[in-house]
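> Dropping in my_file.cif, with mmCIF, C-alpha atoms.
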data_protein
loop_
_atom_site.label_atom_id
_atom_site.label_comp_id
_atom_site.auth_asym_id
_atom_site.auth_seq_id
_atom_site.Cartn_x
_atom_site.Cartn_y
_atom_site.Cartn_z
CA MET A 1 35.58 7.63 29.54
CA ALA A 2 36.35 8.40 33.13
CA GLU A 3 35.93 11.95 34.28
CA LYS A 4 39.10 13.91 33.67
CA GLN A 5 41.07 15.74 36.24
CA VAL A 6 42.83 17.89 33.69
CA ILE A 7 44.77 21.03 33.36
CA GLU A 8 46.41 21.72 36.59
CA LYS A 9 48.45 24.14 34.55
CA ALA A 10 46.71 26.82 33.06
CA THR A 11 45.37 32.13 34.35
CA PRO A 12 45.11 36.69 34.12
CA VAL A 13 39.76 45.51 31.87
CA THR A 14 42.24 47.80 30.95
CA THR A 15 41.55 51.11 32.70
CA ALA A 16 43.06 54.54 32.74
CA THR A 17 44.11 54.54 36.36
CA ALA A 18 47.65 53.80 37.46
CA VAL A 19 46.47 51.60 40.31
CA GLU A 20 44.55 49.25 38.05
CA THR A 21 47.42 49.21 35.57
CA ASP A 22 49.74 48.08 38.35
CA SER A 23 47.19 45.46 39.38
CA LEU A 24 47.09 44.04 35.88
CA ALA A 25 50.86 43.96 35.80
CA ALA A 26 50.87 42.04 39.06
CA ALA A 27 48.33 39.59 37.64
CA LYS A 28 50.25 39.05 34.41
CA GLY A 29 51.32 35.43 34.08
CA PHE A 30 48.72 34.31 36.64
CA TRP A 31 47.79 31.46 34.34
CA ASP A 32 51.37 30.16 34.26
CA LYS A 33 51.74 30.46 38.02
CA TYR A 34 48.58 28.51 38.82
CA SER A 35 48.79 26.21 35.93
CA ARG A 36 48.37 22.93 38.33
CA PRO A 37 12.89 14.21 32.70
CA ILE A 38 9.90 14.32 31.44
CA ILE A 39 7.13 11.83 32.35
CA TYR A 40 4.08 11.47 30.14
CA VAL A 41 0.80 10.23 31.58
CA GLY A 42 -2.27 8.96 29.74
CA GLY A 43 -3.65 6.15 27.58
CA SER A 44 -0.82 6.44 25.08
CA LEU A 45 1.94 6.02 27.68
CA ILE A 46 2.92 2.53 26.53
CA VAL A 47 3.04 3.61 22.88
CA LEU A 48 5.20 6.57 23.77
CA LEU A 49 7.48 4.45 25.92
CA VAL A 50 7.98 1.87 23.18
CA GLY A 51 8.67 4.65 20.70
CA TYR A 52 11.19 6.22 23.03
CA LEU A 53 12.97 2.94 23.72
CA SER A 54 13.11 2.21 20.00
CA TYR A 55 14.60 5.65 19.40
CA LYS A 56 17.17 5.04 22.12
CA GLU A 57 18.05 1.62 20.76
CA PHE A 58 18.10 2.32 17.03
CA VAL A 59 19.08 5.99 16.86
CA VAL A 60 20.70 7.26 20.06
CA ALA A 61 22.73 4.18 20.98
CA PRO A 62 24.34 3.72 17.53
CA LYS A 63 25.04 7.43 17.38
CA GLU A 64 26.71 7.35 20.79
CA LEU A 65 28.76 4.33 19.76
CA LYS A 66 29.89 5.92 16.53
CA ALA A 67 30.80 9.15 18.30
CA SER A 68 32.77 7.27 20.95
CA GLU A 69 34.63 5.32 18.29
CA GLN A 70 35.40 8.49 16.37
CA ILE A 71 36.76 10.40 19.36
CA PHE A 72 38.78 7.51 20.77
CA GLY A 73 42.12 8.37 19.18
CA ALA A 74 42.06 12.09 20.00
CA GLU A 75 40.77 11.41 23.48
CA ASN A 76 43.59 8.95 24.14
CA ILE A 77 46.23 11.46 23.01
CA PHE A 78 44.64 14.17 25.15
CA ASP A 79 44.61 11.92 28.21
CA LYS A 80 48.30 11.18 27.79
CA MET A 81 49.13 14.88 27.41
CA ALA A 82 47.08 15.73 30.46
CA ALA A 83 49.25 13.33 32.44
CA THR A 84 52.65 14.13 30.94
CA GLY A 85 52.47 17.59 29.37
CA PHE A 86 51.10 19.37 26.32
CA ASN A 87 52.90 20.16 23.06
CA LYS A 88 51.64 22.13 20.10
CA ASP A 89 51.85 19.33 17.50
CA SER A 90 49.87 16.88 19.60
CA VAL A 91 47.33 19.54 20.55
CA ASN A 92 46.82 20.34 16.87
CA LEU A 93 46.37 16.62 16.15
CA VAL A 94 43.73 16.37 18.87
CA ILE A 95 41.87 19.41 17.59
CA ASN A 96 42.08 18.97 13.81
CA GLY A 97 42.98 15.33 13.33
CA GLY A 98 45.68 13.74 11.20
CA GLU A 99 47.92 10.70 11.43
CA LEU A 100 49.94 9.25 14.28
CA GLU A 101 52.24 6.31 13.69
CA GLY A 102 50.38 5.48 10.50
CA LYS A 103 46.96 5.55 12.14
CA LYS A 104 44.27 8.09 11.34
CA VAL A 105 43.15 10.32 14.20
CA THR A 106 39.85 12.19 13.92
CA GLY A 107 39.98 15.66 15.47
CA VAL A 108 37.54 16.61 18.18
CA LEU A 109 36.18 19.48 16.07
CA LYS A 110 34.77 16.93 13.62
CA THR A 111 33.19 14.98 16.46
CA ILE A 112 31.62 18.18 17.76
CA ASN A 113 30.25 19.05 14.31
CA GLU A 114 28.86 15.58 13.64
CA PHE A 115 27.90 14.37 17.12
CA GLY A 116 27.73 17.49 19.28
CA GLY A 117 24.59 16.30 21.07
CA THR A 118 26.10 13.02 22.24
CA LYS A 119 28.08 12.31 25.40
CA ALA A 120 31.22 11.90 23.32
CA GLY A 121 30.47 15.19 21.59
CA ASN A 122 30.18 16.86 24.96
CA ARG A 123 33.54 15.43 26.01
CA ALA A 124 34.96 16.70 22.73
CA LYS A 125 33.93 20.24 23.68
CA PHE A 126 35.83 19.96 26.95
CA ILE A 127 38.89 18.61 25.16
CA ALA A 128 38.72 21.30 22.47
CA GLY A 129 38.44 24.08 25.03
CA ALA A 130 41.28 22.73 27.15
CA SER A 131 43.46 22.22 24.09
CA TYR A 132 42.88 25.71 22.72
CA LEU A 133 43.74 27.12 26.13
CA GLN A 134 47.07 25.30 26.03
CA ILE A 135 48.08 26.95 22.74
CA GLY A 136 46.88 30.41 23.72
CA GLU A 137 43.75 30.61 21.55
CA PHE A 138 41.64 31.96 24.37
CA SER A 139 38.49 32.99 22.45
CA LYS A 140 38.14 29.49 21.04
CA ALA A 141 38.80 28.00 24.46
CA ILE A 142 35.97 30.10 25.87
CA LYS A 143 33.63 29.08 23.04
CA TYR A 144 33.99 25.34 23.58
CA LEU A 145 34.27 25.34 27.36
CA SER A 146 31.11 27.47 27.56
CA ASP A 147 29.26 24.84 25.50
CA PHE A 148 30.48 21.98 27.68
CA ASN A 149 28.01 20.51 30.20
CA GLY A 150 29.43 18.86 33.30
CA ASN A 151 26.08 17.15 33.99
CA GLY A 152 26.57 17.33 37.74
CA ALA A 153 30.12 15.97 37.79
CA THR A 154 31.26 18.76 40.08
CA GLN A 155 35.02 18.27 39.90
CA VAL A 156 34.89 18.27 36.09
CA GLU A 157 32.61 21.33 36.12
CA SER A 158 35.04 23.03 38.44
CA LYS A 159 37.91 22.32 36.04
CA ALA A 160 35.92 23.77 33.13
CA TYR A 161 35.07 26.92 35.11
CA THR A 162 38.70 27.24 36.18
CA MET A 163 39.87 27.07 32.58
CA LEU A 164 37.27 29.66 31.58
CA GLY A 165 38.71 31.83 34.33
CA HIS A 166 42.20 31.33 32.92
CA ALA A 167 41.08 32.23 29.39
CA TYR A 168 39.31 35.43 30.49
CA ALA A 169 42.23 36.34 32.72
CA GLU A 170 44.63 36.07 29.78
CA GLN A 171 42.33 38.40 27.84
CA LYS A 172 42.55 40.82 30.80
CA LYS A 173 38.80 40.52 31.37
CA THR A 174 39.30 40.48 35.10
CA ALA A 175 35.64 40.63 36.18
CA ASP A 176 34.75 37.61 34.02
CA ALA A 177 37.86 35.76 35.14
CA LEU A 178 37.14 36.28 38.83
CA ASN A 179 33.50 35.27 38.31
CA PHE A 180 34.52 31.92 36.82
CA TYR A 181 37.20 31.28 39.44
CA LYS A 182 34.50 31.77 42.08
CA LYS A 183 32.13 29.46 40.17
CA ALA A 184 34.87 26.84 40.07
CA ALA A 185 35.05 27.01 43.87
CA THR A 186 31.36 27.21 44.73
CA VAL A 187 30.28 24.34 42.47
CA LEU A 188 32.29 21.87 44.57
CA ASP A 189 30.90 19.93 47.51
CA PRO A 190 31.83 21.72 50.77
CA LYS A 191 32.96 18.34 52.08
CA ASP A 192 35.65 18.30 49.42
CA GLN A 193 38.21 20.07 51.61
CA ALA A 194 41.27 19.70 49.38
CA PHE A 195 39.76 20.60 46.01
CA GLY A 196 37.39 23.19 47.47
CA GLY A 197 40.12 24.90 49.45
CA ASP A 198 42.42 25.02 46.43
CA ALA A 199 39.68 26.39 44.19
CA PHE A 200 38.80 29.15 46.65
CA LEU A 201 42.51 29.90 47.08
CA LEU A 202 42.86 30.40 43.33
CA ALA A 203 39.91 32.80 43.29
CA ALA A 204 41.18 34.65 46.36
CA THR A 205 44.76 35.03 45.11
CA TYR A 206 43.47 36.25 41.74
CA ALA A 207 41.31 38.86 43.47
CA ASP A 208 44.39 39.89 45.41
CA ALA A 209 46.51 40.04 42.24
CA ILE A 210 44.10 42.39 40.46
CA GLY A 211 43.78 44.66 43.50
CA ASN A 212 40.26 43.66 44.51
CA SER A 213 41.07 43.64 48.23
CA LYS A 214 37.47 43.44 49.46
CA GLU A 215 36.75 40.33 47.40
CA ALA A 216 40.11 38.82 48.31
CA VAL A 217 39.54 39.19 52.05
CA ASP A 218 36.03 37.74 51.76
CA LEU A 219 37.30 34.73 49.83
CA PHE A 220 40.23 34.07 52.16
CA LYS A 221 37.86 34.17 55.14
CA LYS A 222 35.56 31.69 53.40
CA ILE A 223 38.48 29.29 53.10
CA GLN A 224 39.11 29.59 56.85
CA THR A 225 35.48 28.92 57.77
CA LYS A 226 34.42 26.40 55.10
CA TYR A 227 37.69 24.54 54.51
CA PRO A 228 39.56 24.60 57.84
CA THR A 229 41.43 21.37 57.11
CA SER A 230 42.47 22.30 53.57
CA PRO A 231 46.18 22.65 52.71
CA ALA A 232 45.62 26.36 52.06
CA VAL A 233 44.82 26.83 55.75
CA SER A 234 47.15 24.30 57.30
CA ASN A 235 50.23 25.54 55.42
CA GLY A 236 49.60 29.15 56.48
CA ASP A 237 48.85 30.62 53.04
CA VAL A 238 45.46 32.00 54.06
CA GLU A 239 46.78 33.53 57.27
CA LYS A 240 49.64 35.13 55.35
CA TYR A 241 47.30 36.85 52.91
CA LEU A 242 44.88 37.97 55.62
CA ALA A 243 47.79 39.41 57.59
CA LYS A 244 48.61 41.48 54.52
CA TYR A 245 45.22 43.12 54.88
CA GLY A 246 45.41 43.40 58.67
CA GLU A 247 42.70 40.77 59.12
CA VAL A 248 44.50 38.35 61.42
CA GLU A 249 43.04 38.13 64.89
#
How would this structure read if it were set down as structure tokens?


Amino acid sequence: MAEKQVIEKATPVTTATAVETDSLAAAKGFWDKYSRPIIYVGGSLIVLLVGYLSYKEFVVAPKELKASEQIFGAENIFDKMAATGFNKDSVNLVINGGELEGKKVTGVLKTINEFGGTKAGNRAKFIAGASYLQIGEFSKAIKYLSDFNGNGATQVESKAYTMLGHAYAEQKKTADALNFYKKAATVLDPKDQAFGGDAFLLAATYADAIGNSKEAVDLFKKIQTKYPTSPAVSNGDVEKYLAKYGEVE
């Protein structure tokens, strides 16, 4: 399956001080607003290699195939929702399985339980986390997204970190949320001006929303220096926020 560019939708520690309470109030609904090798050496090398290839051919490959076949229906539904919009019934079908137009759909939770170590099982964790986020089950979203491995696919990793940020933000765990928004930005290639600039903008505006002015200013300045051609800079958003803090030259 191609890497998914999912969940453009999808965001906001309760303290005793009035300032922080106001900050949390300002951050409320943030999610809705920003919803857009191991090498062996020695005499037995050949034996080990043959054994490994046999394992790959007769154990791993069939397991991967079976997992991919099992997840196909749920994955297809998820892809369509990611493009057109999510609804609770379809999300539940993706997560738990059922029937659609007379055809059986296996839920991603079953794929995770039976084939969690496969590539399809890994994709199932991403889908489960994203789906739980859509229906407001934030603890479950965190569980599955935390288990997902982007395997170096930086844009997908960034999406997973962003969704983790959204889930923690909705639980009002602002420190965790900001940490994952920053991870979502820093994992991207600096050459990726559009995605990188947007990811840093999300982190910066969240820091601003929760009243963390020092972090906000730092992040907005990073956008200016690292992503000068990004929409966040060219459309004046960064300058506007920095002006708020008296940081415009």

> Can you list, as a ChimeraX atom specification, the residues that the PyMOL selection byres ((chain A and resi 179-183) around 12) selects here?

/A:11-12,31,34,142,145-146,154-155,157-169,173-178,184-188,196-207,215-216,218-220,222-223

> Write the residues you've just listed into a file as a PDB file, keeping the file's coordinate frame, and include C-alpha atoms for each of them.


ATOM      1  CA  THR A  11      45.370  32.130  34.350  1.00  0.00           C
ATOM      2  CA  PRO A  12      45.110  36.690  34.120  1.00  0.00           C
ATOM      3  CA  TRP A  31      47.790  31.460  34.340  1.00  0.00           C
ATOM      4  CA  TYR A  34      48.580  28.510  38.820  1.00  0.00           C
ATOM      5  CA  ILE A 142      35.970  30.100  25.870  1.00  0.00           C
ATOM      6  CA  LEU A 145      34.270  25.340  27.360  1.00  0.00           C
ATOM      7  CA  SER A 146      31.110  27.470  27.560  1.00  0.00           C
ATOM      8  CA  THR A 154      31.260  18.760  40.080  1.00  0.00           C
ATOM      9  CA  GLN A 155      35.020  18.270  39.900  1.00  0.00           C
ATOM     10  CA  GLU A 157      32.610  21.330  36.120  1.00  0.00           C
ATOM     11  CA  SER A 158      35.040  23.030  38.440  1.00  0.00           C
ATOM     12  CA  LYS A 159      37.910  22.320  36.040  1.00  0.00           C
ATOM     13  CA  ALA A 160      35.920  23.770  33.130  1.00  0.00           C
ATOM     14  CA  TYR A 161      35.070  26.920  35.110  1.00  0.00           C
ATOM     15  CA  THR A 162      38.700  27.240  36.180  1.00  0.00           C
ATOM     16  CA  MET A 163      39.870  27.070  32.580  1.00  0.00           C
ATOM     17  CA  LEU A 164      37.270  29.660  31.580  1.00  0.00           C
ATOM     18  CA  GLY A 165      38.710  31.830  34.330  1.00  0.00           C
ATOM     19  CA  HIS A 166      42.200  31.330  32.920  1.00  0.00           C
ATOM     20  CA  ALA A 167      41.080  32.230  29.390  1.00  0.00           C
ATOM     21  CA  TYR A 168      39.310  35.430  30.490  1.00  0.00           C
ATOM     22  CA  ALA A 169      42.230  36.340  32.720  1.00  0.00           C
ATOM     23  CA  LYS A 173      38.800  40.520  31.370  1.00  0.00           C
ATOM     24  CA  THR A 174      39.300  40.480  35.100  1.00  0.00           C
ATOM     25  CA  ALA A 175      35.640  40.630  36.180  1.00  0.00           C
ATOM     26  CA  ASP A 176      34.750  37.610  34.020  1.00  0.00           C
ATOM     27  CA  ALA A 177      37.860  35.760  35.140  1.00  0.00           C
ATOM     28  CA  LEU A 178      37.140  36.280  38.830  1.00  0.00           C
ATOM     29  CA  ALA A 184      34.870  26.840  40.070  1.00  0.00           C
ATOM     30  CA  ALA A 185      35.050  27.010  43.870  1.00  0.00           C
ATOM     31  CA  THR A 186      31.360  27.210  44.730  1.00  0.00           C
ATOM     32  CA  VAL A 187      30.280  24.340  42.470  1.00  0.00           C
ATOM     33  CA  LEU A 188      32.290  21.870  44.570  1.00  0.00           C
ATOM     34  CA  GLY A 196      37.390  23.190  47.470  1.00  0.00           C
ATOM     35  CA  GLY A 197      40.120  24.900  49.450  1.00  0.00           C
ATOM     36  CA  ASP A 198      42.420  25.020  46.430  1.00  0.00           C
ATOM     37  CA  ALA A 199      39.680  26.390  44.190  1.00  0.00           C
ATOM     38  CA  PHE A 200      38.800  29.150  46.650  1.00  0.00           C
ATOM     39  CA  LEU A 201      42.510  29.900  47.080  1.00  0.00           C
ATOM     40  CA  LEU A 202      42.860  30.400  43.330  1.00  0.00           C
ATOM     41  CA  ALA A 203      39.910  32.800  43.290  1.00  0.00           C
ATOM     42  CA  ALA A 204      41.180  34.650  46.360  1.00  0.00           C
ATOM     43  CA  THR A 205      44.760  35.030  45.110  1.00  0.00           C
ATOM     44  CA  TYR A 206      43.470  36.250  41.740  1.00  0.00           C
ATOM     45  CA  ALA A 207      41.310  38.860  43.470  1.00  0.00           C
ATOM     46  CA  GLU A 215      36.750  40.330  47.400  1.00  0.00           C
ATOM     47  CA  ALA A 216      40.110  38.820  48.310  1.00  0.00           C
ATOM     48  CA  ASP A 218      36.030  37.740  51.760  1.00  0.00           C
ATOM     49  CA  LEU A 219      37.300  34.730  49.830  1.00  0.00           C
ATOM     50  CA  PHE A 220      40.230  34.070  52.160  1.00  0.00           C
ATOM     51  CA  LYS A 222      35.560  31.690  53.400  1.00  0.00           C
ATOM     52  CA  ILE A 223      38.480  29.290  53.100  1.00  0.00           C
TER      53      ILE A 223
END

> Evaluated on this file, the PyMOL selection byres ((chain A and resi 73-90) around 10) picks out some residues - which ones are they, written as JSON, numbers by chain?

{"A": [1, 4, 5, 6, 7, 8, 9, 68, 69, 70, 71, 72, 91, 92, 93, 94, 95, 96, 97, 98, 99, 100, 103, 104, 105, 106, 107, 108, 111, 120, 123, 124, 127, 128, 130, 131, 132, 134, 135]}

> Given the choices A:Asn149, A:Gln193, A:Gln171, A:Lys110, which gets closest to Ser234 (chain A) if the distance is worked out from only C-alpha atoms?

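Using only C-alpha atoms, Ser234 (chain A) sits closest to A:Gln193.
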
> Grab the CA of Pro190 (chain A) to CA of Asn235 (chain A) distance for me, in Å with one decimal place.

19.4 Å

> In Å, how far is it from CA of Lys240 (chain A) to CA of Ser213 (chain A)?

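Separating CA of Lys240 (chain A) from CA of Ser213 (chain A) is a distance of 14.0 Å.
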
> For CA of Glu239 (chain A) and CA of Thr225 (chain A), determine how far apart the two atoms are, in Å to one decimal place.

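Rounded to one decimal, the two atoms are 12.2 Å apart.
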
> Taking every listed atom of region 209-225 of chain A and adding 3 Å to each side, what centre and edge lengths in Å (one decimal) does the axis-aligned box have, as JSON?


{"center_x": 41.0, "center_y": 36.8, "center_z": 49.1, "size_x": 17.0, "size_y": 21.7, "size_z": 23.3}

> Write out as a list in words each polymer residue whose atoms come within 8 Å of Gly121 (chain A), counting only C-alpha atoms; drop sequence neighbours fewer than 3 positions from it.

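Near Gly121 (chain A), the qualifying residues are Ala67, Val108, Thr111, Ile112, Phe115, Gly116, Gly117, Thr118, Ala124 and Lys125 of chain A.
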
> Find the residues near Tyr241 (chain A): any atom within 10 Å, counting only C-alpha atoms, skip ones fewer than 3 places away on the same chain, and give them as number ranges by chain.

A: 204-205, 208, 216-217, 220, 236-238, 244-248

> I need the residue nearest Ala194 (chain A) from this list: A:Ala232, A:Ala209, A:Ala153, A:Leu109. Use only C-alpha atoms for the distance.

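Comparing A:Ala232, A:Ala209, A:Ala153, A:Leu109 against Ala194 (chain A), the winner is A:Ala232.
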